[in-house]
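> Structure: input20.txt, compact mmCIF, C-alpha atoms.
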```txt
# COMPACT_ATOMS: atom_id res chain seq x y z
CA MET A 60 9.05 43.42 -0.15
CA ILE A 61 11.58 40.58 -0.32
CA SER A 62 9.56 38.71 2.29
CA SER A 63 6.46 39.07 0.12
CA VAL A 64 8.29 37.77 -2.95
CA TYR A 65 9.65 34.74 -1.08
CA SER A 66 6.16 34.00 0.26
CA TYR A 67 4.86 34.13 -3.31
CA TYR A 68 7.60 31.78 -4.49
CA LEU A 69 6.93 29.26 -1.73
CA ALA A 70 3.16 29.39 -2.23
CA GLN A 71 3.35 28.94 -6.01
CA TYR A 72 6.36 26.67 -6.49
CA GLY A 73 7.67 25.52 -3.11
CA HIS A 74 5.51 22.38 -3.08
CA LYS A 75 6.88 21.04 -6.35
CA THR A 76 9.27 18.12 -6.17
CA ASN A 77 12.53 18.19 -8.07
CA SER A 78 13.02 15.90 -11.05
CA LYS A 79 16.21 14.04 -11.83
CA TYR A 80 17.08 16.85 -14.25
CA ASP A 81 17.31 19.28 -11.31
CA THR A 82 20.39 17.38 -10.16
CA HIS A 83 23.45 18.55 -12.05
CA THR A 84 26.95 17.25 -12.57
CA LYS A 85 30.02 19.40 -12.20
CA ALA A 86 30.27 19.70 -16.00
CA GLN A 87 26.64 20.84 -16.26
CA LEU A 88 27.14 23.46 -13.55
CA LYS A 89 30.27 24.69 -15.33
CA ASN A 90 28.30 24.93 -18.58
CA THR A 91 25.60 26.99 -16.85
CA TYR A 92 28.25 29.25 -15.35
CA GLY A 93 29.74 29.74 -18.81
CA ARG A 94 26.36 30.73 -20.21
CA VAL A 95 25.90 33.25 -17.41
CA LEU A 96 29.33 34.73 -18.23
CA LYS A 97 28.46 35.00 -21.90
CA SER A 98 25.08 36.56 -21.16
CA ASN A 99 26.58 39.21 -18.90
CA SER A 100 29.49 39.99 -21.21
CA GLN A 101 27.02 40.87 -23.97
CA THR A 102 24.39 42.61 -21.83
CA PRO A 103 24.45 46.36 -21.10
CA THR A 104 24.46 47.54 -17.51
CA TYR A 105 20.86 48.09 -16.48
CA LYS A 106 19.02 49.86 -13.74
CA THR A 107 16.73 46.97 -12.99
CA ASP A 108 13.07 47.19 -12.09
CA MET A 109 13.00 45.79 -8.55
CA SER A 110 9.28 46.24 -7.93
CA GLU A 111 7.36 43.41 -6.29
CA ALA A 112 5.37 42.82 -9.49
CA ALA A 113 8.58 42.57 -11.54
CA GLN A 114 10.10 40.02 -9.19
CA LYS A 115 6.95 37.86 -9.20
CA TYR A 116 6.87 38.07 -13.01
CA ALA A 117 10.49 36.96 -13.18
CA ILE A 118 9.83 34.08 -10.78
CA ASP A 119 6.93 32.89 -12.95
CA LEU A 120 9.10 33.03 -16.05
CA LYS A 121 12.03 31.30 -14.40
CA GLU A 122 10.09 28.42 -12.82
CA ASN A 123 7.85 27.69 -15.82
CA ALA A 124 10.84 27.86 -18.17
CA ARG A 125 12.74 25.43 -15.96
CA GLU A 126 9.77 23.05 -15.88
CA LEU A 127 9.43 23.15 -19.67
CA SER A 128 13.15 22.41 -20.05
CA ASN A 129 12.82 19.41 -17.71
CA ILE A 130 9.88 18.05 -19.71
CA ALA A 131 11.88 18.42 -22.92
CA ASN A 132 14.80 16.57 -21.32
CA GLU A 133 12.46 13.77 -20.24
CA LEU A 134 11.37 13.30 -23.84
CA SER A 135 14.90 13.41 -25.27
CA GLY A 136 17.19 10.51 -25.99
CA SER A 137 20.24 9.77 -23.84
CA ASP A 138 22.34 11.84 -26.25
CA GLY A 139 19.93 14.77 -26.00
CA HIS A 140 18.57 14.18 -29.51
CA GLY A 141 15.46 12.53 -30.92
CA MET A 142 12.16 11.87 -29.20
CA VAL A 143 11.55 9.07 -26.75
CA PHE A 144 8.27 8.10 -25.12
CA LYS A 145 7.06 5.77 -22.43
CA LYS A 146 6.83 2.14 -23.42
CA SER A 147 4.58 -0.60 -22.10
CA ALA A 148 5.27 -4.26 -21.55
CA VAL A 149 2.96 -6.84 -23.15
CA SER A 150 2.35 -10.36 -21.88
CA SER A 151 1.11 -13.10 -24.21
CA ASN A 152 -0.78 -14.59 -21.23
CA PRO A 153 -1.75 -11.79 -18.80
CA GLN A 154 -4.01 -14.14 -16.83
CA SER A 155 -0.93 -16.06 -15.68
CA VAL A 156 1.87 -13.47 -15.90
CA THR A 157 1.45 -9.69 -15.91
CA ALA A 158 4.27 -7.32 -16.83
CA GLU A 159 4.99 -3.61 -16.47
CA TYR A 160 7.87 -1.73 -18.06
CA ILE A 161 9.68 0.33 -15.41
CA GLY A 162 12.87 1.06 -17.34
CA ASP A 163 14.12 4.48 -18.35
CA SER A 164 12.58 5.62 -21.62
CA THR A 165 16.02 6.77 -22.72
CA SER A 166 17.56 3.32 -22.33
CA PRO A 167 17.79 0.99 -25.31
CA ASP A 168 14.92 -1.41 -25.89
CA SER A 169 15.31 -4.76 -24.18
CA SER A 170 14.74 -7.91 -26.19
CA SER A 171 11.61 -9.96 -25.59
CA PHE A 172 11.95 -13.01 -23.35
CA GLU A 173 9.97 -16.05 -22.24
CA ILE A 174 8.88 -16.98 -18.71
CA ASP A 175 7.64 -20.39 -17.63
CA VAL A 176 6.14 -20.49 -14.11
CA LYS A 177 6.33 -23.94 -12.52
CA GLN A 178 5.35 -23.07 -8.95
CA LEU A 179 3.94 -19.99 -7.21
CA ALA A 180 5.36 -18.57 -4.01
CA THR A 181 2.97 -19.36 -1.16
CA SER A 182 2.39 -17.91 2.29
CA GLN A 183 2.29 -19.79 5.59
CA ILE A 184 -1.14 -20.72 6.91
CA ASN A 185 -1.86 -21.94 10.44
CA THR A 186 -5.33 -23.46 10.77
CA GLY A 187 -6.44 -24.24 14.30
CA ASN A 188 -8.65 -27.01 15.57
CA PHE A 189 -12.30 -26.93 14.55
CA LEU A 190 -14.29 -26.63 17.78
CA GLN A 191 -17.96 -26.47 18.65
CA PRO A 192 -18.59 -22.71 18.68
CA ASN A 193 -20.90 -22.60 21.72
CA ASN A 194 -18.67 -24.69 24.02
CA ARG A 195 -15.50 -23.57 25.81
CA ALA A 196 -12.32 -25.65 25.48
CA VAL A 197 -10.37 -23.90 28.29
CA GLU A 198 -11.04 -22.62 31.78
CA PRO A 199 -11.59 -18.89 32.39
CA GLY A 200 -8.40 -16.99 33.28
CA ASP A 201 -5.40 -15.08 31.96
CA TYR A 202 -3.43 -16.51 29.03
CA SER A 203 -0.57 -15.43 26.78
CA PHE A 204 1.56 -16.74 23.93
CA ASP A 205 4.64 -15.65 21.98
CA LEU A 206 4.47 -15.10 18.22
CA ASN A 207 7.82 -14.93 16.40
CA ILE A 208 7.98 -13.35 12.93
CA ASN A 209 10.84 -11.65 11.07
CA ASN A 210 13.18 -12.44 13.97
CA LEU A 211 10.97 -10.42 16.33
CA THR A 212 8.90 -11.89 19.15
CA TYR A 213 5.52 -10.40 20.10
CA GLU A 214 3.69 -11.32 23.28
CA PHE A 215 -0.10 -11.54 23.18
CA GLN A 216 -1.93 -11.37 26.52
CA PHE A 217 -5.68 -11.81 26.94
CA THR A 218 -8.33 -12.96 29.38
CA VAL A 219 -10.96 -15.64 28.88
CA ASP A 220 -14.15 -14.69 30.72
CA GLU A 221 -16.71 -17.04 32.23
CA GLU A 222 -19.39 -16.24 29.65
CA GLU A 223 -17.14 -16.52 26.56
CA SER A 224 -17.45 -19.46 24.14
CA ASN A 225 -14.91 -20.98 21.71
CA SER A 226 -16.22 -18.74 18.93
CA ASP A 227 -15.87 -15.64 21.13
CA ILE A 228 -12.29 -16.56 22.04
CA GLN A 229 -11.33 -17.23 18.41
CA ASN A 230 -12.76 -13.90 17.27
CA LYS A 231 -10.96 -12.13 20.13
CA LEU A 232 -7.64 -13.65 19.05
CA ALA A 233 -8.31 -12.70 15.41
CA ARG A 234 -8.87 -9.07 16.43
CA LEU A 235 -5.72 -9.02 18.56
CA ILE A 236 -3.57 -10.34 15.71
CA ASN A 237 -5.09 -8.11 13.02
CA ARG A 238 -4.74 -4.96 15.13
CA SER A 239 -1.08 -5.69 15.83
CA ASN A 240 -0.12 -5.02 12.16
CA ILE A 241 2.79 -7.44 12.17
CA GLY A 242 2.25 -8.93 8.72
CA LEU A 243 -0.41 -11.51 9.57
CA ALA A 244 -4.11 -11.76 8.73
CA ALA A 245 -6.39 -13.76 11.02
CA ASN A 246 -10.00 -14.84 10.58
CA VAL A 247 -12.38 -17.48 11.85
CA ASN A 248 -13.35 -20.27 9.43
CA GLU A 249 -16.39 -22.53 9.65
CA ASP A 250 -16.62 -26.10 8.35
CA SER A 251 -19.62 -27.97 6.95
CA LEU A 252 -20.63 -29.10 10.45
CA GLY A 253 -20.71 -25.55 11.81
CA ASN A 254 -17.52 -25.93 13.83
CA THR A 255 -15.09 -22.96 13.86
CA ALA A 256 -11.30 -22.63 13.74
CA LEU A 257 -8.86 -19.71 13.83
CA SER A 258 -6.87 -19.26 10.60
CA ILE A 259 -3.66 -17.16 10.50
CA VAL A 260 -2.10 -16.29 7.13
CA SER A 261 1.23 -14.52 6.59
CA ASP A 262 1.45 -11.54 4.23
CA MET A 263 4.93 -12.67 3.23
CA THR A 264 5.55 -15.60 0.93
CA GLY A 265 8.50 -17.90 0.40
CA ILE A 266 11.31 -19.04 2.65
CA SER A 267 14.85 -17.85 3.24
CA GLY A 268 17.68 -19.99 4.50
CA ILE A 269 16.89 -23.29 6.18
CA LYS A 270 13.98 -22.09 8.33
CA PRO A 271 10.81 -23.75 6.96
CA THR A 272 8.32 -21.26 8.45
CA ILE A 273 7.69 -17.51 8.39
CA PHE A 274 6.14 -17.34 11.87
CA ASN A 275 5.65 -19.66 14.80
CA ILE A 276 3.58 -19.58 17.98
CA SER A 277 4.79 -20.91 21.33
CA PRO A 278 3.54 -20.78 24.95
CA ASN A 279 4.64 -17.84 27.03
CA ASN A 280 6.33 -18.54 30.37
CA ASP A 281 6.30 -15.04 31.85
CA ILE A 282 6.74 -15.05 35.61
CA GLN A 283 3.55 -14.44 37.60
CA THR A 284 4.64 -12.80 40.88
CA ASN A 285 1.24 -13.42 42.55
CA ASN A 286 1.64 -17.19 42.17
CA PRO A 287 2.41 -18.91 45.53
CA ASP A 288 4.50 -21.55 43.73
CA PHE A 289 6.70 -18.85 42.15
CA VAL A 290 10.27 -19.89 41.36
CA GLU A 291 12.56 -17.19 39.99
CA GLY A 292 13.09 -17.51 36.24
CA PHE A 293 10.22 -19.89 35.48
CA ASP A 294 6.54 -20.25 36.27
CA GLU A 295 5.50 -23.85 35.57
CA PRO A 296 1.72 -23.47 36.10
CA THR A 297 1.55 -20.49 33.75
CA MET A 298 3.60 -22.33 31.14
CA LYS A 299 1.31 -25.35 31.44
CA ASN A 300 -1.87 -23.27 31.12
CA ASN A 301 -0.57 -21.46 28.04
CA THR A 302 0.57 -24.73 26.47
CA ASN A 303 -2.85 -26.28 27.06
CA PHE A 304 -4.53 -23.23 25.49
CA ILE A 305 -2.36 -23.43 22.32
CA ASN A 306 -3.00 -27.17 22.05
CA ALA A 307 -6.74 -26.78 22.60
CA PHE A 308 -7.16 -24.19 19.84
CA GLY A 309 -4.35 -25.56 17.63
CA LEU A 310 -2.68 -22.17 17.19
CA ASP A 311 0.69 -23.72 16.24
CA ARG A 312 -0.77 -26.13 13.68
CA VAL A 313 0.76 -25.37 10.24
CA SER A 314 -1.69 -26.34 7.49
CA GLN A 315 0.41 -24.84 4.65
CA TYR A 316 4.15 -24.31 4.71
CA PRO A 317 5.55 -21.35 2.73
CA SER A 318 7.29 -22.06 -0.57
CA ASN A 319 9.27 -20.13 -3.17
CA ALA A 320 8.20 -19.42 -6.71
CA ILE A 321 10.03 -21.57 -9.25
CA PHE A 322 10.23 -20.26 -12.80
CA SER A 323 12.52 -20.13 -15.79
CA ILE A 324 13.55 -17.22 -18.03
CA ASN A 325 14.55 -18.30 -21.53
CA GLY A 326 15.06 -21.82 -20.17
CA GLU A 327 17.22 -20.80 -17.17
CA GLU A 328 15.57 -21.93 -13.92
CA ARG A 329 15.34 -19.46 -11.03
CA SER A 330 13.48 -19.08 -7.74
CA SER A 331 12.03 -16.20 -5.76
CA ALA A 332 10.48 -15.80 -2.33
CA SER A 333 7.83 -13.54 -3.91
CA ASN A 334 5.49 -13.71 -6.89
CA ASP A 335 6.57 -10.16 -7.76
CA ILE A 336 10.00 -9.95 -9.39
CA THR A 337 12.05 -7.39 -11.30
CA ILE A 338 14.11 -8.31 -14.35
CA ASN A 339 17.10 -6.20 -15.40
CA LYS A 340 15.63 -3.19 -13.57
CA ALA A 341 13.35 -2.80 -16.58
CA PHE A 342 10.40 -5.16 -16.11
CA ALA A 343 8.15 -5.64 -13.06
CA ILE A 344 6.68 -9.14 -13.34
CA ASN A 345 3.81 -10.62 -11.33
CA PHE A 346 2.97 -14.34 -11.28
CA ASN A 347 -0.76 -15.04 -11.02
CA SER A 348 -0.74 -18.77 -11.79
CA THR A 349 1.49 -21.52 -13.12
CA THR A 350 1.84 -21.79 -16.90
CA GLU A 351 1.43 -24.74 -19.23
CA GLU A 352 3.70 -23.16 -21.84
CA PRO A 353 6.20 -20.26 -21.79
CA VAL A 354 4.75 -16.74 -21.71
CA THR A 355 6.35 -14.13 -23.98
CA ILE A 356 7.05 -10.67 -22.54
CA SER A 357 7.79 -7.93 -25.07
CA LEU A 358 7.75 -4.13 -25.45
CA ARG A 359 5.53 -1.94 -27.53
CA GLU A 360 4.97 1.77 -27.90
CA ASP A 361 1.98 2.80 -25.82
CA THR A 362 -0.25 5.16 -27.82
CA ASP A 363 -1.86 6.54 -24.66
CA SER A 364 1.55 7.15 -23.10
CA ILE A 365 2.79 8.86 -26.27
CA THR A 366 -0.27 11.13 -26.31
CA GLU A 367 0.21 11.85 -22.61
CA SER A 368 3.89 12.71 -23.09
CA ILE A 369 3.12 15.02 -26.00
CA GLY A 370 0.40 16.58 -23.84
CA GLU A 371 2.95 17.25 -21.07
CA LEU A 372 5.25 19.04 -23.53
CA VAL A 373 2.37 21.10 -24.91
CA SER A 374 1.12 21.95 -21.40
CA GLY A 375 4.59 23.09 -20.36
CA TYR A 376 4.78 25.35 -23.42
CA ASN A 377 1.27 26.71 -22.85
CA ARG A 378 2.01 27.57 -19.21
CA LEU A 379 5.12 29.53 -20.16
CA PHE A 380 3.38 31.19 -23.10
CA SER A 381 0.41 32.19 -20.91
CA ILE A 382 2.69 34.39 -18.79
CA ALA A 383 3.67 36.43 -21.85
CA ALA A 384 0.08 36.43 -23.11
CA ASP A 385 -1.27 37.75 -19.80
CA LYS A 386 -2.28 41.38 -20.38
CA GLU A 387 -1.31 42.22 -16.79
CA ASN A 388 2.30 41.69 -17.82
CA ASP A 389 2.16 44.12 -20.76
CA LYS A 390 3.37 46.80 -18.34
CA PHE A 391 6.81 45.24 -18.64
CA GLU A 392 8.64 46.42 -21.75
CA GLY A 393 10.38 43.08 -22.14
CA ASN A 394 7.10 41.20 -22.30
CA ALA A 395 6.47 42.47 -25.85
CA LYS A 396 9.90 41.13 -26.82
CA LEU A 397 9.05 37.76 -25.27
CA LYS A 398 5.79 37.62 -27.24
CA LYS A 399 7.66 38.26 -30.48
CA GLU A 400 10.14 35.47 -29.67
CA PHE A 401 7.29 33.01 -29.13
CA SER A 402 5.56 34.27 -32.27
CA ARG A 403 8.70 33.61 -34.36
CA ILE A 404 8.96 30.06 -33.04
CA MET A 405 5.31 29.37 -33.76
CA LYS A 406 5.52 30.89 -37.26
CA ASP A 407 8.35 28.49 -38.10
CA TYR A 408 6.65 25.35 -36.78
CA GLN A 409 2.88 25.90 -36.98
CA PRO A 410 2.34 24.26 -40.42
CA GLN A 411 4.47 21.29 -39.41
CA LEU A 412 2.71 20.89 -36.04
CA GLU A 413 -0.79 21.07 -37.47
CA LYS A 414 0.01 18.30 -39.93
CA ASN A 415 0.95 16.07 -37.04
CA GLY A 416 -1.90 16.43 -34.55
CA LEU A 417 -1.08 19.73 -32.81
CA THR A 418 -3.40 22.66 -33.53
CA VAL A 419 -2.58 26.28 -32.71
CA ASP A 420 -5.50 28.59 -31.88
CA SER A 421 -5.70 32.33 -32.52
CA SER A 422 -4.21 33.14 -29.10
CA GLY A 423 -1.11 31.03 -29.75
CA THR A 424 -2.06 28.18 -27.41
CA ILE A 425 -1.43 24.62 -28.64
CA GLU A 426 -3.93 21.75 -28.37
CA VAL A 427 -3.29 18.03 -28.89
CA ASN A 428 -5.48 16.16 -31.38
CA LYS A 429 -5.36 12.67 -29.90
CA ALA A 430 -7.19 11.09 -32.85
CA VAL A 431 -4.50 12.19 -35.33
CA ILE A 432 -1.70 10.78 -33.19
CA GLN A 433 -3.51 7.46 -32.67
CA LYS A 434 -4.14 7.22 -36.41
CA ALA A 435 -0.43 7.81 -37.06
CA ALA A 436 0.35 5.00 -34.61
CA SER A 437 -2.00 2.61 -36.39
CA ASP A 438 -0.72 3.69 -39.82
CA GLY A 439 2.91 3.27 -38.81
CA THR A 440 3.69 6.97 -39.46
CA LEU A 441 4.57 7.95 -35.89
CA SER A 442 8.13 8.65 -36.99
CA ASP A 443 6.82 11.65 -38.95
CA VAL A 444 5.17 12.99 -35.81
CA PHE A 445 8.36 12.41 -33.82
CA ASN A 446 10.52 14.26 -36.36
CA ALA A 447 8.14 17.23 -36.40
CA LEU A 448 7.99 17.39 -32.61
CA ASP A 449 11.73 16.91 -32.13
CA SER A 450 12.72 20.11 -33.92
CA PHE A 451 9.93 22.06 -32.16
CA LYS A 452 11.00 20.60 -28.78
CA LYS A 453 14.60 21.68 -29.30
CA SER A 454 13.55 25.19 -30.27
CA ILE A 455 11.31 25.80 -27.26
CA GLN A 456 13.87 24.19 -24.94
CA ARG A 457 16.57 26.59 -26.12
CA LYS A 458 14.22 29.49 -25.46
CA ALA A 459 13.30 28.10 -22.02
CA ASP A 460 16.97 27.75 -21.11
CA ASP A 461 17.65 31.34 -22.19
CA ILE A 462 14.80 32.59 -20.04
CA SER A 463 16.07 30.55 -17.07
CA ILE A 464 19.51 32.14 -17.32
CA ASN A 465 18.19 35.72 -17.10
CA PRO A 466 14.44 36.09 -16.45
CA MET A 467 14.98 39.70 -15.40
CA ASN A 468 15.82 40.48 -19.02
CA TYR A 469 12.08 40.88 -19.68
CA VAL A 470 11.15 43.46 -17.03
CA ASN A 471 11.47 47.25 -17.28
CA ASN A 472 15.23 47.70 -17.47
CA LYS A 473 16.77 51.10 -18.11
CA ILE A 474 20.15 51.06 -19.84
CA VAL A 475 22.87 52.81 -17.84
CA ALA A 476 25.91 51.90 -19.94
CA TYR A 477 26.73 49.70 -22.93
CA LYS A 478 29.56 47.18 -22.84
CA ASN A 479 32.56 47.89 -25.04
CA PRO A 480 31.93 45.64 -28.08
CA HIS A 481 35.67 45.60 -28.86
CA LYS A 482 36.65 44.64 -25.34
CA PRO A 483 33.85 42.65 -23.65
CA VAL A 484 34.27 42.10 -19.95
CA ASN A 485 32.87 39.09 -18.15
CA ASP A 486 30.64 40.07 -15.28
CA PRO A 487 29.59 36.81 -13.61
CA TYR A 488 28.11 38.31 -10.46
CA ASN A 489 25.93 40.96 -12.07
CA LEU A 490 23.10 38.45 -12.38
CA SER A 491 23.18 37.46 -8.71
CA ALA A 492 22.23 40.98 -7.62
CA TYR A 493 18.62 40.37 -8.62
CA SER A 494 18.02 36.78 -9.63
CA GLY A 495 20.34 34.62 -7.54
CA MET A 496 17.39 33.46 -5.46
CA MET A 497 15.87 31.96 -8.57
CA PHE A 498 18.80 29.69 -9.35
CA ASN A 499 17.67 27.21 -6.70
CA GLY A 500 17.41 24.54 -9.39
CA TYR A 501 21.19 24.50 -9.81
CA ILE A 502 22.05 24.14 -6.12
```
Re-express the file's structure as C-alpha cells.

Amino acid sequence: MISSVYSYYLAQYGHKTNSKYDTHTKAQLKNTYGRVLKSNSQTPTYKTDMSEAAQKYAIDLKENARELSNIANELSGSDGHGMVFKKSAVSSNPQSVTAEYIGDSTSPDSSSFEIDVKQLATSQINTGNFLQPNNRAVEPGDYSFDLNINNLTYEFQFTVDEEESNSDIQNKLARLINRSNIGLAANVNEDSLGNTALSIVSDMTGISGIKPTIFNISPNNDIQTNNPDFVEGFDEPTMKNNTNFINAFGLDRVSQYPSNAIFSINGEERSSASNDITINKAFAINFNSTTEEPVTISLREDTDSITESIGELVSGYNRLFSIAADKENDKFEGNAKLKKEFSRIMKDYQPQLEKNGLTVDSSGTIEVNKAVIQKAASDGTLSDVFNALDSFKKSIQRKADDISINPMNYVNNKIVAYKNPHKPVNDPYNLSAYSGMMFNGYI
C-alpha cells in the first residue's frame, strides 16, 4: 500500500520544481517545528485512517496547500505584508533600446535612468576572395587549416576533387564550419559580377584584452607520413599547399574587426563586449541601434502581469478548494469540516472580492474578471483592489499553512484519548507516524 501511495505522489507531484520558498532558513524550520509542537499538544490522540484513499487525499491536501502558500508568498512584500506584482520596464525608444525588468517584485522600485548608445558591439567577419564560381583556384588534393576561437584550436580537413569548382569548394567549407557548432556562421556571398566568396561571421561580439580578433585561420602543418620528403616535426610541402589554399580563397581576410558597445548611463560612459547588458541585476537591456538622444528607461505596473498574478492566486485557491468540493472525498469526516472552514472564509470576503473583479459562483469557485481589474488600473484605483486581495490572501495562506502542518486532520480519525487541558504535553513525533513523508518541502 505504501508503494502505491508513493507512486501516486511521484506521478501527481514529483515532476514539479521547487520554488525559492521551498528553501528554508534555520529560523523558518524552527518556526515550523514550533507549530508542529503546538498542533500536537492541543490535538487528541487518534486512531488514524491509514487507508490508501486517505493517504492520497492527505497528499492532495498537503501539496496543493503548499503550492497556494508559495503563490501567496510570491505576491507578498519583503516584510510579508501588502501585495506586490510583476513590473515591466518601458523604453522611450524601443526601436533603439529595449528593456525588460528582471528584478524581484519584492525589491524596491528602481529609479528611471537614461541610456545613450554611441556604438554597437560588432562581430568579426572574414570575407574571402571573390572568385569565378565555375573555375578552380587550387589543384585537387587533401587540404587542412587550423581555426582558433575562444582559446581552442579546431582542425578542418577536406579533399578537393577533380570535378569540383570554386563554388563547390566554398559551399563545402561553409557546411564544415556550420556543422562544427563552434560559434561561427558561414555562407557563400555573390557580388554584382556573379563571383562568389566565403563569408565567416562570429556569433560573439566585442573584444577582450589586447587581442583584436575573436577567431583566426592559419595553415595546418600536420605531418604527412606518406610524403617521401618527410622530416620529423614539420612537413614543408603540406604547409605550403595549405598556405596557398588559404591565400587563394582569402579565408584569413578580416573584413570587419570586432568592437565593443560604447554607451553612457546618466552621463557615465561605459563599454560592453555585448549588446545585451544587465543593470543592477534588475534591468535586461538590449541595444538595437545607436541613439541620437538619451533613451529613458522606467518602470510601470503591467496590467497583464497583475491580472496573471491574481489569476495564479485564484487558481491556487480553486485547486485546493476543489479537493474539499469533490464528492468522492465526502467519505472522510474531516472533509465536511474543511468545507465549513472554506465557507467561513468566503462568507467574510465575498462582497469585498466581487467589488474588485473576483466573482464567486454557486459552487464556491472564484473567477477573475479581467475587465474590472484593467478598468481599476486605468482609473488609478488599483490600490483598492490590492487592499481587498491582501486581506483575502493572508486568510487563505493561514488556512493553507494549517493544512500543510497536519493534512491527516481531515481524514476519518477516531479519538482514543484527549490531552489533559491543564497539563498539555508536547508530542513532536506523533505527526511523523503518518505524514512525515509529506514534509518533503521542508527538507
> To one decimal place in Å, what is the distance between CA of Ala245 in chain A and CA of Val219 in chain A?
18.5 Å
> Could you check the closest approach to Ala341 in chain A for each of A:Ser171, A:Asn246, A:Asn446, A:Gln178 and tell me which residue wins, using only C-alpha atoms?
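So, comparing all the options, the nearest one is A:Ser171.
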> When you look at range 264-276 of chain A with a cut-off of 8 Å (counting only C-alpha atoms), what residues show up, excluding the ones that are within fewer than 6 positions of it in the same chain? I need them as a PDB file with C-alpha atoms, keeping the file's coordinate frame.

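Writing done, so here's around.pdb:
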```pdb
ATOM      1  CA  ALA A 180       5.360 -18.570  -4.010  1.00  0.00           C
ATOM      2  CA  THR A 181       2.970 -19.360  -1.160  1.00  0.00           C
ATOM      3  CA  SER A 182       2.390 -17.910   2.290  1.00  0.00           C
ATOM      4  CA  GLN A 183       2.290 -19.790   5.590  1.00  0.00           C
ATOM      5  CA  PHE A 204       1.560 -16.740  23.930  1.00  0.00           C
ATOM      6  CA  ASP A 205       4.640 -15.650  21.980  1.00  0.00           C
ATOM      7  CA  LEU A 206       4.470 -15.100  18.220  1.00  0.00           C
ATOM      8  CA  ASN A 207       7.820 -14.930  16.400  1.00  0.00           C
ATOM      9  CA  ILE A 208       7.980 -13.350  12.930  1.00  0.00           C
ATOM     10  CA  ASN A 209      10.840 -11.650  11.070  1.00  0.00           C
ATOM     11  CA  LEU A 310      -2.680 -22.170  17.190  1.00  0.00           C
ATOM     12  CA  ASP A 311       0.690 -23.720  16.240  1.00  0.00           C
ATOM     13  CA  TYR A 316       4.150 -24.310   4.710  1.00  0.00           C
ATOM     14  CA  PRO A 317       5.550 -21.350   2.730  1.00  0.00           C
ATOM     15  CA  SER A 318       7.290 -22.060  -0.570  1.00  0.00           C
ATOM     16  CA  ASN A 319       9.270 -20.130  -3.170  1.00  0.00           C
ATOM     17  CA  ALA A 320       8.200 -19.420  -6.710  1.00  0.00           C
ATOM     18  CA  SER A 331      12.030 -16.200  -5.760  1.00  0.00           C
ATOM     19  CA  ALA A 332      10.480 -15.800  -2.330  1.00  0.00           C
ATOM     20  CA  SER A 333       7.830 -13.540  -3.910  1.00  0.00           C
TER      21      SER A 333
END
```
> Between CA of Tyr469 in chain A and CA of Glu400 in chain A, what is the distance in Å, rounded to a tenth?
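If I compute the distance from CA of Tyr469 in chain A to CA of Glu400 in chain A, I get 11.5 Å.
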> Mind pulling up the distance from CA of Val313 in chain A to CA of Gly253 in chain A?
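Interatomic distance, CA of Gly253 in chain A to CA of Val313 in chain A: 21.5 Å.
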> For Lys453 in chain A, which residue out of A:Asn301, A:Ser128, A:Thr212, A:Asn347 is the nearest one, using all atoms listed in the file?
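Of all the options, A:Ser128 lies closest to Lys453 in chain A.
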> Measuring between all atoms listed in the file, which one of A:Leu179, A:Ile118, A:Ala70, A:Val373 shows the shortest distance to Ile321 in chain A?
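Closest candidate: A:Leu179.
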> Please determine, counting all atoms listed in the file, which residue among A:Ala233, A:Val95, A:Leu120, A:Ile174 has the shortest atom-to-atom distance to Ile338 in chain A.
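Of A:Ala233, A:Val95, A:Leu120, A:Ile174, the one nearest Ile338 in chain A, counting all atoms listed in the file, is A:Ile174.
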> Rank nothing, just name the residue among A:Phe322, A:Lys115, A:Gly309, A:Val475 nearest to Gln71 in chain A, using only C-alpha atoms.
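Under the stated criterion, the closest residue is A:Lys115.
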> Could you tell me which of A:Asp407, A:Asp420, A:Asp389, A:Glu426 comes closest to Ala113 in chain A if we count all atoms listed in the file?
A:Asp389
> For a cutoff of 12 Å around the file-coordinate point (13.2, -7.4, -11.2), which residues qualify once you count all atoms listed in the file? I'd like the result as a PyMOL selection string.
chain A and resi 158-162+324+331+333-345
> Taking all atoms of range 173-189 of chain A that the file lists and extending 5 Å past them on each side, where is the centre of the axis-aligned box and how long are its edges? Answer in Å to one decimal, as lines of an AutoDock Vina configuration file.

```
center_x = -1.2
center_y = -21.5
center_z = -3.3
size_x = 32.3
size_y = 21.0
size_z = 47.8
```
> Skipping near chain neighbours, those fewer than 6 positions away, what residues fall within 8 Å of Asn123 in chain A using only C-alpha atoms, listed as a PyMOL selection string?
chain A and resi 375+378-379
> What would the file look like if the residues just selected were written as a PDB file, keeping the file's coordinate frame with C-alpha atoms?

```
ATOM      1  CA  GLY A 375       4.590  23.090 -20.360  1.00  0.00           C
ATOM      2  CA  ARG A 378       2.010  27.570 -19.210  1.00  0.00           C
ATOM      3  CA  LEU A 379       5.120  29.530 -20.160  1.00  0.00           C
TER       4      LEU A 379
END
```
> Keeping just N, CA, C and O atoms, export range 66-70 of chain A of this structure as an mmCIF file, in the first residue's frame.

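The result, stored in part.cif:
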```cif
data_model
loop_
_atom_site.group_PDB
_atom_site.id
_atom_site.type_symbol
_atom_site.label_atom_id
_atom_site.label_comp_id
_atom_site.auth_asym_id
_atom_site.auth_seq_id
_atom_site.Cartn_x
_atom_site.Cartn_y
_atom_site.Cartn_z
ATOM 1 N N SER A 66 3.913 5.937 -5.392
ATOM 2 C CA SER A 66 3.763 6.015 -6.847
ATOM 3 C C SER A 66 2.779 7.113 -7.219
ATOM 4 O O SER A 66 2.989 7.862 -8.177
ATOM 5 N N TYR A 67 1.707 7.232 -6.443
ATOM 6 C CA TYR A 67 0.720 8.287 -6.685
ATOM 7 C C TYR A 67 1.359 9.659 -6.479
ATOM 8 O O TYR A 67 1.159 10.579 -7.284
ATOM 9 N N TYR A 68 2.123 9.786 -5.409
ATOM 10 C CA TYR A 68 2.777 11.070 -5.113
ATOM 11 C C TYR A 68 3.724 11.469 -6.250
ATOM 12 O O TYR A 68 3.720 12.613 -6.718
ATOM 13 N N LEU A 69 4.549 10.516 -6.686
ATOM 14 C CA LEU A 69 5.515 10.823 -7.740
ATOM 15 C C LEU A 69 4.816 11.153 -9.054
ATOM 16 O O LEU A 69 5.241 12.048 -9.788
ATOM 17 N N ALA A 70 3.740 10.433 -9.364
ATOM 18 C CA ALA A 70 3.030 10.670 -10.617
ATOM 19 C C ALA A 70 2.343 12.023 -10.628
ATOM 20 O O ALA A 70 2.331 12.727 -11.649
#
```
